[in-house]
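Asks: This one is target.csv, CSV, C-alpha atoms and all ligand atoms.
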chain,number,residue,atom,x,y,z
E,265,MET,CA,57.6,-8.6,30.0
E,266,ASN,CA,55.7,-5.4,29.9
E,267,THR,CA,57.0,-3.9,33.0
E,268,GLY,CA,55.8,-0.4,32.3
E,269,PHE,CA,57.4,1.5,35.1
E,270,ALA,CA,60.5,3.5,35.9
E,271,CYS,CA,62.1,3.3,32.5
E,272,ARG,CA,59.5,4.7,30.1
E,273,ASP,CA,62.0,7.2,28.6
E,274,TRP,CA,61.6,5.6,25.2
E,275,SER,CA,58.2,7.3,25.1
E,276,ARG,CA,60.0,10.7,24.7
E,277,MET,CA,60.8,9.5,21.2
E,278,LEU,CA,58.1,6.9,20.5
E,279,PRO,CA,55.0,8.0,22.4
E,280,ALA,CA,52.9,5.0,23.2
E,281,GLU,CA,51.2,3.3,26.1
E,282,SER,CA,53.5,0.3,26.2
E,283,ILE,CA,57.0,-0.6,25.0
E,284,ASP,CA,55.4,-3.2,22.6
E,285,ASP,CA,53.2,-0.5,21.1
E,286,ALA,CA,56.1,1.9,20.8
E,287,CYS,CA,58.3,-0.6,18.9
E,288,ALA,CA,55.6,-2.1,16.6
E,289,GLU,CA,56.0,0.5,13.9
E,290,PRO,CA,59.8,0.6,13.9
E,291,ILE,CA,59.9,-3.2,13.7
E,292,ASP,CA,57.4,-3.2,10.9
E,293,GLN,CA,59.5,-0.7,9.0
E,294,LEU,CA,62.5,-3.0,9.4
E,295,ARG,CA,60.5,-5.9,8.0
E,296,ALA,CA,59.4,-3.8,5.1
E,297,LEU,CA,63.0,-2.9,4.4
E,298,ALA,CA,64.0,-6.6,4.4
E,299,TYR,CA,61.1,-7.3,2.0
E,300,ARG,CA,62.2,-4.5,-0.4
E,301,LEU,CA,65.8,-5.7,-0.3
E,302,THR,CA,65.0,-9.3,-1.0
E,303,SER,CA,64.8,-8.8,-4.8
E,304,ILE,CA,67.6,-6.3,-5.0
E,305,ASP,CA,70.3,-7.4,-2.7
E,306,SER,CA,70.1,-10.7,-0.9
E,307,GLY,CA,73.2,-10.0,1.3
E,308,ALA,CA,71.7,-6.8,2.6
E,309,ALA,CA,68.3,-8.5,3.1
E,310,GLU,CA,70.1,-11.1,5.2
E,311,THR,CA,71.6,-8.4,7.4
E,312,VAL,CA,68.2,-6.9,8.0
E,313,HIS,CA,66.8,-10.4,8.8
E,314,SER,CA,69.6,-11.0,11.3
E,315,VAL,CA,69.0,-7.6,12.9
E,316,LEU,CA,65.3,-8.5,13.3
E,317,GLY,CA,66.3,-11.9,14.7
E,318,SER,CA,68.4,-10.2,17.3
E,319,LEU,CA,65.4,-8.3,18.6
E,320,THR,CA,63.5,-11.5,19.4
E,321,ALA,CA,66.5,-13.7,20.5
E,322,PRO,CA,66.2,-14.9,24.1
E,323,LEU,CA,67.3,-12.4,26.8
E,324,GLU,CA,69.4,-14.4,29.2
E,325,LEU,CA,69.2,-13.8,32.9
E,326,VAL,CA,71.9,-15.6,34.9
E,327,VAL,CA,71.7,-16.2,38.6
E,328,ALA,CA,75.2,-15.9,40.1
E,329,GLY,CA,76.9,-15.8,43.4
E,330,ARG,CA,79.1,-17.8,45.8
E,331,ALA,CA,78.4,-21.4,46.6
E,332,GLY,CA,75.4,-22.1,48.8
E,333,VAL,CA,73.9,-18.6,48.7
E,334,GLY,CA,70.7,-19.9,47.1
E,335,ARG,CA,71.4,-19.7,43.4
E,336,SER,CA,69.5,-22.8,42.5
E,337,SER,CA,66.5,-22.0,44.6
E,338,LEU,CA,66.2,-18.5,43.1
E,339,ALA,CA,66.8,-19.7,39.5
E,340,ARG,CA,64.0,-22.2,40.0
E,341,ILE,CA,61.6,-19.6,41.3
E,342,LEU,CA,62.4,-17.1,38.5
E,343,GLY,CA,62.3,-19.7,35.8
E,344,ARG,CA,59.0,-21.0,36.8
E,345,ASP,CA,57.2,-17.7,37.3
E,346,ASP,CA,54.8,-16.9,34.5
E,347,ARG,CA,55.9,-13.2,34.6
E,348,PHE,CA,59.1,-14.6,32.9
E,349,SER,CA,57.2,-16.5,30.3
E,350,ARG,CA,56.2,-13.0,29.0
E,351,ARG,CA,58.6,-11.3,26.6
E,352,VAL,CA,60.5,-8.0,26.3
E,353,VAL,CA,59.2,-6.9,22.9
E,354,GLY,CA,59.2,-10.4,21.5
E,355,ALA,CA,62.3,-11.6,23.2
E,356,PRO,CA,61.7,-14.4,25.7
E,357,VAL,CA,63.5,-14.3,29.0
E,358,VAL,CA,65.6,-17.4,29.8
E,359,VAL,CA,66.8,-18.0,33.3
E,360,THR,CA,70.1,-19.8,33.9
E,361,GLU,CA,72.4,-20.4,36.8
E,362,SER,CA,76.1,-19.8,36.8
E,363,ARG,CA,78.8,-21.9,38.5
E,364,ALA,CA,79.7,-20.6,41.9
E,365,PHE,CA,82.1,-17.7,42.4
E,366,ASP,CA,85.1,-18.0,44.7
E,367,VAL,CA,85.6,-21.8,44.6
E,368,PRO,CA,89.2,-22.6,45.4
E,369,GLY,CA,91.1,-24.0,42.4
E,370,THR,CA,88.7,-22.8,39.8
E,371,SER,CA,88.4,-19.5,37.9
E,372,ASN,CA,85.4,-17.3,38.5
E,373,PRO,CA,82.6,-17.7,35.8
E,374,ASP,CA,82.4,-15.2,33.0
E,375,LEU,CA,78.9,-13.6,33.0
E,376,GLY,CA,79.4,-12.2,29.5
E,377,ARG,CA,76.8,-9.6,28.4
E,378,ARG,CA,73.9,-11.3,30.2
E,379,CYS,CA,71.6,-9.7,32.7
E,380,VAL,CA,72.5,-10.8,36.2
E,381,VAL,CA,70.8,-11.5,39.5
E,382,TYR,CA,73.8,-11.6,41.9
E,383,VAL,CA,72.9,-13.4,45.1
E,384,VAL,CA,74.6,-12.6,48.4
E,385,VAL,CA,73.7,-13.7,51.9
E,386,ASP,CA,75.0,-11.7,54.7
E,387,ALA,CA,78.7,-10.8,54.2
E,388,VAL,CA,79.6,-9.2,50.9
E,389,ARG,CA,83.2,-10.2,50.0
E,390,ASP,CA,85.7,-8.6,47.7
E,391,VAL,CA,84.9,-11.3,45.1
E,392,ASP,CA,81.2,-10.3,45.2
E,393,ARG,CA,82.1,-6.6,44.9
E,394,ARG,CA,84.3,-7.2,41.9
E,395,ALA,CA,81.8,-9.5,40.1
E,396,ILE,CA,79.0,-6.9,40.7
E,397,ALA,CA,81.2,-4.0,39.6
E,398,ARG,CA,81.9,-5.8,36.3
E,399,VAL,CA,78.2,-6.1,35.4
E,400,SER,CA,76.9,-2.9,37.2
E,401,ASP,CA,74.9,-1.7,34.3
E,402,ARG,CA,72.8,-4.9,34.1
E,403,VAL,CA,72.5,-6.4,37.6
E,404,VAL,CA,70.2,-6.6,40.6
E,405,VAL,CA,71.6,-7.9,43.8
E,406,ALA,CA,69.4,-10.3,45.8
E,407,ALA,CA,70.1,-10.4,49.5
E,408,ASN,CA,68.9,-13.9,50.1
E,409,LYS,CA,68.0,-15.8,53.3
E,410,ALA,CA,66.5,-12.6,54.6
E,411,ASP,CA,65.0,-14.7,57.5
E,412,LEU,CA,68.5,-15.0,58.8
E,413,PHE,CA,68.9,-11.2,59.1
E,414,GLY,CA,66.2,-11.0,61.8
E,415,PRO,CA,62.6,-11.8,62.4
E,416,ARG,CA,61.3,-8.5,61.0
E,417,TRP,CA,61.2,-7.5,57.3
E,418,ASP,CA,62.4,-4.0,58.3
E,419,GLU,CA,65.7,-5.6,59.2
E,420,ALA,CA,66.0,-7.3,55.9
E,421,LEU,CA,65.2,-4.0,54.1
E,422,GLY,CA,67.8,-2.2,56.2
E,423,ARG,CA,70.4,-4.8,55.5
E,424,ALA,CA,69.7,-4.7,51.8
E,425,ALA,CA,70.0,-0.9,51.9
E,426,GLU,CA,73.5,-1.3,53.5
E,427,ILE,CA,74.5,-3.8,50.8
E,428,SER,CA,73.2,-1.5,48.1
E,429,GLU,CA,75.3,1.3,49.6
E,430,THR,CA,78.4,-0.9,49.6
E,431,VAL,CA,78.1,-2.3,46.1
E,432,GLY,CA,76.3,0.7,44.4
E,433,VAL,CA,73.6,-1.4,42.9
E,434,HIS,CA,69.9,-1.8,43.6
E,435,THR,CA,69.6,-4.6,46.2
E,436,VAL,CA,66.4,-6.4,47.1
E,437,PRO,CA,66.0,-8.7,50.2
E,438,VAL,CA,64.5,-12.1,49.3
E,439,GLU,CA,63.7,-15.3,51.1
E,440,THR,CA,63.7,-18.0,48.5
E,441,LEU,CA,62.4,-20.5,51.0
E,442,THR,CA,59.1,-18.6,51.3
E,443,GLY,CA,59.1,-16.6,48.1
E,444,ARG,CA,59.1,-13.3,50.1
E,445,GLY,CA,60.6,-10.4,48.3
E,446,VAL,CA,60.4,-12.1,44.9
E,447,GLU,CA,57.7,-9.7,43.7
E,448,GLU,CA,60.1,-6.7,44.4
E,449,LEU,CA,62.9,-8.6,42.7
E,450,PHE,CA,60.8,-9.0,39.5
E,451,ALA,CA,60.0,-5.3,39.7
E,452,ALA,CA,63.6,-4.4,39.9
E,453,LEU,CA,64.6,-6.8,37.0
E,454,GLY,CA,62.1,-5.4,34.5
E,455,PRO,CA,64.1,-2.2,33.7
E,456,VAL,CA,67.4,-4.2,33.7
E,457,LEU,CA,66.0,-6.6,31.0
E,458,GLU,CA,64.5,-3.8,29.0
E,459,THR,CA,67.7,-1.7,29.1
E,460,GLN,CA,69.6,-4.7,27.8
E,461,TRP,CA,67.0,-5.2,25.0
E,462,TRP,CA,67.5,-1.6,23.9
E,463,ARG,CA,71.2,-2.3,23.5
E,464,ARG,CA,70.2,-4.6,20.6
E,465,VAL,CA,68.3,-1.7,19.0
E,466,GLU,CA,71.5,0.4,19.3
E,467,ARG,CA,73.3,-2.1,17.1
E,468,ILE,CA,70.9,-1.7,14.2
E,469,GLY,CA,72.2,1.6,12.9
E,470,PRO,CA,75.9,0.5,12.8
E,471,GLU,CA,75.0,-2.9,11.3
E,472,LEU,CA,73.0,-1.4,8.5
E,473,THR,CA,75.6,1.3,7.8
E,474,GLN,CA,78.2,-1.4,7.5
E,475,SER,CA,76.0,-3.5,5.3
E,476,ALA,CA,75.3,-0.4,3.1
E,477,SER,CA,79.1,0.0,2.6
E,478,ARG,CA,79.4,-3.7,1.6
E,479,ASN,CA,76.4,-4.2,-0.5
E,480,THR,CA,76.2,-1.7,-3.3
E,481,ALA,CA,72.9,-2.9,-4.8
E,482,GLY,CA,70.9,-2.3,-1.6
E,483,ARG,CA,72.8,0.8,-0.5
E,484,ASP,CA,70.2,3.4,-1.5
E,485,GLU,CA,67.3,1.5,0.1
E,486,ILE,CA,69.3,1.1,3.4
E,487,GLU,CA,70.4,4.7,3.4
E,488,MET,CA,66.9,5.9,2.8
E,489,TYR,CA,65.7,3.7,5.7
E,490,LEU,CA,68.4,5.1,8.0
E,491,ARG,CA,67.3,8.7,7.2
E,492,SER,CA,63.6,7.9,7.9
E,493,ASP,CA,61.8,9.1,11.0
E,494,SER,CA,61.2,5.6,12.0
E,495,ALA,CA,64.9,4.6,12.0
E,496,VAL,CA,66.1,7.9,13.6
E,497,LEU,CA,63.4,7.7,16.4
E,498,PHE,CA,64.1,4.1,17.1
E,499,SER,CA,67.8,4.7,17.5
E,500,ALA,CA,67.2,7.8,19.5
E,501,ALA,CA,64.9,5.9,21.9
E,502,ALA,CA,67.6,3.3,22.3
E,503,ALA,CA,70.3,6.0,23.0
E,504,ILE,CA,68.1,7.6,25.6
E,505,MET,CA,67.7,4.2,27.4
E,506,SER,CA,71.4,3.6,27.6
E,507,PRO,CA,72.9,3.7,31.1
E,508,GLU,CA,75.8,5.8,29.8
E,509,ILE,CA,73.4,8.6,29.1
E,510,ARG,CA,71.7,8.6,32.5
E,511,ALA,CA,74.1,10.9,34.4
E,512,LEU,CA,74.0,13.5,31.6
E,513,ARG,CA,70.2,13.8,31.8
E,514,GLN,CA,70.2,15.9,35.0
E,515,GLY,CA,68.2,19.0,34.3
E,516,GLU,CA,66.8,17.8,30.9
E,517,PRO,CA,63.6,19.7,29.9
E,518,PRO,CA,60.4,17.7,30.5
E,519,ASP,CA,58.8,15.3,28.1
E,520,PRO,CA,58.0,17.2,24.9
E,521,ARG,CA,54.3,17.6,24.2
E,522,THR,CA,54.5,20.4,21.6
E,523,ALA,CA,56.8,21.3,18.8
E,524,ASP,CA,58.2,24.1,21.0
E,525,ASP,CA,59.0,21.6,23.8
E,526,ALA,CA,60.7,19.3,21.3
E,527,GLY,CA,62.7,22.2,20.0
E,528,THR,CA,63.8,23.1,23.5
E,529,CYS,CA,64.9,19.5,24.0
E,530,SER,CA,66.9,19.4,20.8
E,531,ARG,CA,68.7,22.6,21.7
E,532,TRP,CA,69.4,21.3,25.2
E,533,TRP,CA,71.0,18.1,23.7
E,534,GLY,CA,72.7,20.2,21.0
E,535,ARG,CA,74.6,22.1,23.7
E,536,LEU,CA,75.8,18.8,25.0
E,537,VAL,CA,77.1,17.9,21.6
E,538,ASP,CA,79.0,21.1,21.5
E,539,GLU,CA,80.2,21.4,25.1
E,540,SER,CA,80.7,18.1,26.8
E,541,GLU,CA,83.9,16.4,25.8
E,542,GLN,CA,83.2,13.3,27.9
E,543,ALA,CA,79.7,12.8,26.6
E,544,PRO,CA,79.2,9.7,24.5
E,545,GLN,CA,78.9,11.9,21.4
E,546,GLN,CA,77.2,9.5,19.1
E,547,ARG,CA,74.3,8.9,21.5
E,548,VAL,CA,74.0,12.5,22.4
E,549,SER,CA,73.7,13.5,18.7
E,550,LEU,CA,71.3,10.7,18.0
E,551,ILE,CA,69.0,12.0,20.8
E,552,ARG,CA,69.3,15.5,19.5
E,553,ARG,CA,68.3,14.3,16.0
E,554,GLY,CA,65.4,12.4,17.5
E,555,TYR,CA,64.1,15.5,19.1
E,556,VAL,CA,64.4,17.4,15.7
E,557,ARG,CA,62.2,14.6,14.2
E,558,ARG,CA,59.7,14.9,17.1
E,559,TRP,CA,59.6,18.6,16.6
E,560,ALA,CA,58.7,18.1,12.9
E,561,GLN,CA,56.1,15.5,13.8
E,562,LEU,CA,54.6,17.8,16.4
E,563,GLY,CA,54.0,20.4,13.6
E,564,GLY,CA,57.3,22.4,13.9
E,565,ASP,CA,57.5,25.1,11.2
E,566,ARG,CA,59.9,23.7,8.7
E,567,SER,CA,60.5,27.1,7.1
E,568,ALA,CA,62.1,28.2,10.4
E,569,PRO,CA,64.0,25.0,11.3
E,570,VAL,CA,64.8,24.5,14.9
E,571,ALA,CA,68.1,23.0,14.1
E,572,THR,CA,69.5,21.0,11.2
E,573,ASP,CA,69.0,17.4,11.4
E,574,GLU,CA,72.4,16.0,10.6
E,601,LIG,N1,67.2,-19.9,55.8
E,601,LIG,C1,67.2,-19.9,54.4
E,601,LIG,N2,67.8,-20.8,53.7
E,601,LIG,C2,67.8,-20.8,52.4
E,601,LIG,C3,67.0,-19.8,51.7
E,601,LIG,N3,67.2,-20.0,50.4
E,601,LIG,C4,67.9,-21.1,50.2
E,601,LIG,N4,68.3,-21.6,51.5
E,601,LIG,C5,69.1,-22.8,51.7
E,601,LIG,O1,70.4,-22.6,51.3
E,601,LIG,C6,71.0,-23.8,50.8
E,601,LIG,C7,71.6,-23.6,49.5
E,601,LIG,O2,70.5,-23.3,48.6
E,601,LIG,P1,70.7,-23.5,47.0
E,601,LIG,O3,69.6,-23.0,46.3
E,601,LIG,O4,71.1,-24.9,46.8
E,601,LIG,O5,72.0,-22.6,46.8
E,601,LIG,P2,73.1,-22.7,45.7
E,601,LIG,O6,73.7,-21.4,45.6
E,601,LIG,O7,72.6,-23.2,44.4
E,601,LIG,O8,74.1,-23.7,46.3
E,601,LIG,P3,75.2,-24.6,45.6
E,601,LIG,O9,74.7,-25.0,44.2
E,601,LIG,O10,75.4,-25.8,46.5
E,601,LIG,O11,76.5,-23.8,45.5
E,601,LIG,C8,69.9,-24.8,50.8
E,601,LIG,O12,70.0,-25.6,52.0
E,601,LIG,C9,68.6,-24.0,50.9
E,601,LIG,O13,67.6,-24.6,51.6
E,601,LIG,C10,66.4,-18.8,52.5
E,601,LIG,O14,65.7,-17.9,51.9
E,601,LIG,N5,66.5,-18.9,53.8
E,602,MG,MG,73.1,-24.9,43.1
Taking this structure as input, can you express it in the form of structure tokens?
Ligand SMILES: Nc1nc2c(ncn2[C@@H]2O[C@H](COP(=O)(O)OP(=O)(O)OP(=O)(O)O)[C@@H](O)[C@H]2O)c(=O)[nH]1
Ligand SMILES: [Mg+2]
Replies:
Amino acid sequence: MNTGFACRDWSRMLPAESIDDACAEPIDQLRALAYRLTSIDSGAAETVHSVLGSLTAPLELVVAGRAGVGRSSLARILGRDDRFSRRVVGAPVVVTESRAFDVPGTSNPDLGRRCVVYVVVDAVRDVDRRAIARVSDRVVVAANKADLFGPRWDEALGRAAEISETVGVHTVPVETLTGRGVEELFAALGPVLETQWWRRVERIGPELTQSASRNTAGRDEIEMYLRSDSAVLFSAAAAIMSPEIRALRQGEPPDPRTADDAGTCSRWWGRLVDESEQAPQQRVSLIRRGYVRRWAQLGGDRSAPVATDE
């Protein structure tokens, strides 16, 4: 799904019109690495193939909630809509429905690492709050049966805003009977699915590093790849898309258009590496490294380096 809005922050590292365009070169480079490794180190080649496979594996979206809230109706609508037959950078979106939460005598379902549409009707119970909190980085709440909130859509929007306030998660009113609100739900789900996809990209560096330590024959090729602009910028784009980084980005300098801008960005993130103890350091340093690469790509003067790369 080429949602294109809200979460275009990957373009700070991989400037492009669309997420598919942004990722085409990094994915080609991974394919080229797999090809080079085939004749040298089949174990390492297999790791790269499996990393590539993870990027196009289905992204699961599970519709969850208590019994009778409209899970089946909503899963049907989402599953049938052709916006969902599109892909997130090659990964198809697959809609499933979970067992009901809060059924006496049964345990609540485990939503795993999937993206979630959590359906509530009017009352939000503790069980809903707990379930939503557990998946808060990858969920949109659907306040279904909006027709029951009142005859006017304003009332549904107001109620959804109240629910959002209570659960701390984007909440969209929907009416699965009529399809009303589904458009807005799709719009809210795009960034959630894309964010989850970028988490796959975040696994590439660690997987390849591990493979390099195991597979001696392919080690040089893998390490050379990991140092390349393509690999650094792909990982940095993934780091910048991670929800864990969001709060830290307050006051970040604007999108870099010149080498100077990129230098400013790299110094800004460099200070976070030094100063902030709570910051997810690995992501922060990846982002800083990404800006150093952008600085060089934008024509930064290498004889007066903005910052070291490692
Ligand atoms: N008024 C109203 N009723 C709805 C709406 N959406 C679903 N329903 C009704 O709610 C009931 C439950 O809908 P389902 O889609 O079966 O909900 P579910 O969560 O899958 O239910 P179980 O599988 O039985 O737990 C059905 O009678 C639907 O017709 C809606 O937008 N407005
Ligand atoms: Mg059902």
Asks: Applying 12 Å and only C-alpha atoms, which residues near stretch 376-381 of chain E remain after dropping the ones on its own chain fewer than 4 positions away? List them as a PyMOL selection string.
Replies: chain E and resi 322-329+334-336+338-339+342+357-362+372+392+395-408+433-436+438+446+449-450+452-461+463-464
Asks: Which one of E:Ala523, E:Ile486, E:Val352, E:Cys271 sits closest to E:Val312 if you count only C-alpha atoms?
Replies: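 For E:Val312, the nearest of the candidates is E:Ile486.
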Asks: What is the atom CA of E:Ala331 to atom CA of E:Val388 distance in Å?
Replies: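 Atom-to-atom, atom CA of E:Ala331 and atom CA of E:Val388 are spaced 13.0 Å apart.
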Asks: Using only C-alpha atoms and all ligand atoms, which of the listed residues (E:Asp411, E:Asp519, E:Glu487, E:Asp524) sits closest to ligand LIG 601 (chain E)?
Replies: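 Distance minimum relative to ligand LIG 601 (chain E) lands on E:Asp411.
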Asks: May I ask for the distance between atom CA of E:Asp285 and atom CA of E:Pro520, given in Å to one decimal place?
Replies: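 Computed distance, atom CA of E:Asp285 to atom CA of E:Pro520, equals 18.7 Å.
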Asks: Select, from E:Ala355, E:Ala502, E:Leu301, E:Leu497, the residue with the minimum atom-to-atom distance to E:Gly554, counting only C-alpha atoms.
Replies: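 Using only C-alpha atoms, the shortest distance to E:Gly554 belongs to E:Leu497.
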Asks: I'd like the contact shell of E:Ala286 - 9 Å cut-off, only C-alpha atoms, skipping same-chain residues fewer than 6 positions apart - returned as a ChimeraX atom specification.
Replies: /E:274-275,277-280
Asks: Show me as a PyMOL selection string the residues that reach within 10 Å of (74.7, 3.8, 29.8), counting all atoms listed in the file and using the file's own coordinates.
Replies: chain E and resi 401-402+459+463+503-512+544+547
Asks: Using only C-alpha atoms and all ligand atoms for the distances, tell me which of E:Ala309, E:Ala321, E:Val333, E:Ile291 is nearest to ligand MG 602 (chain E).
Replies: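 Ranking E:Ala309, E:Ala321, E:Val333, E:Ile291 by distance to ligand MG 602 (chain E), first place goes to E:Val333.
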Asks: In Å to one decimal, how far is atom CA of E:Pro517 from atom CA of E:Trp533?
Replies: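 Distance reported for this atom pair: 9.8 Å.
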Asks: Choose the residue, out of E:Trp532, E:Ser282, E:Ala387, E:Ser371, that has the smallest atom-to-atom separation from E:Pro518; count all atoms listed in the file.
Replies: E:Trp532
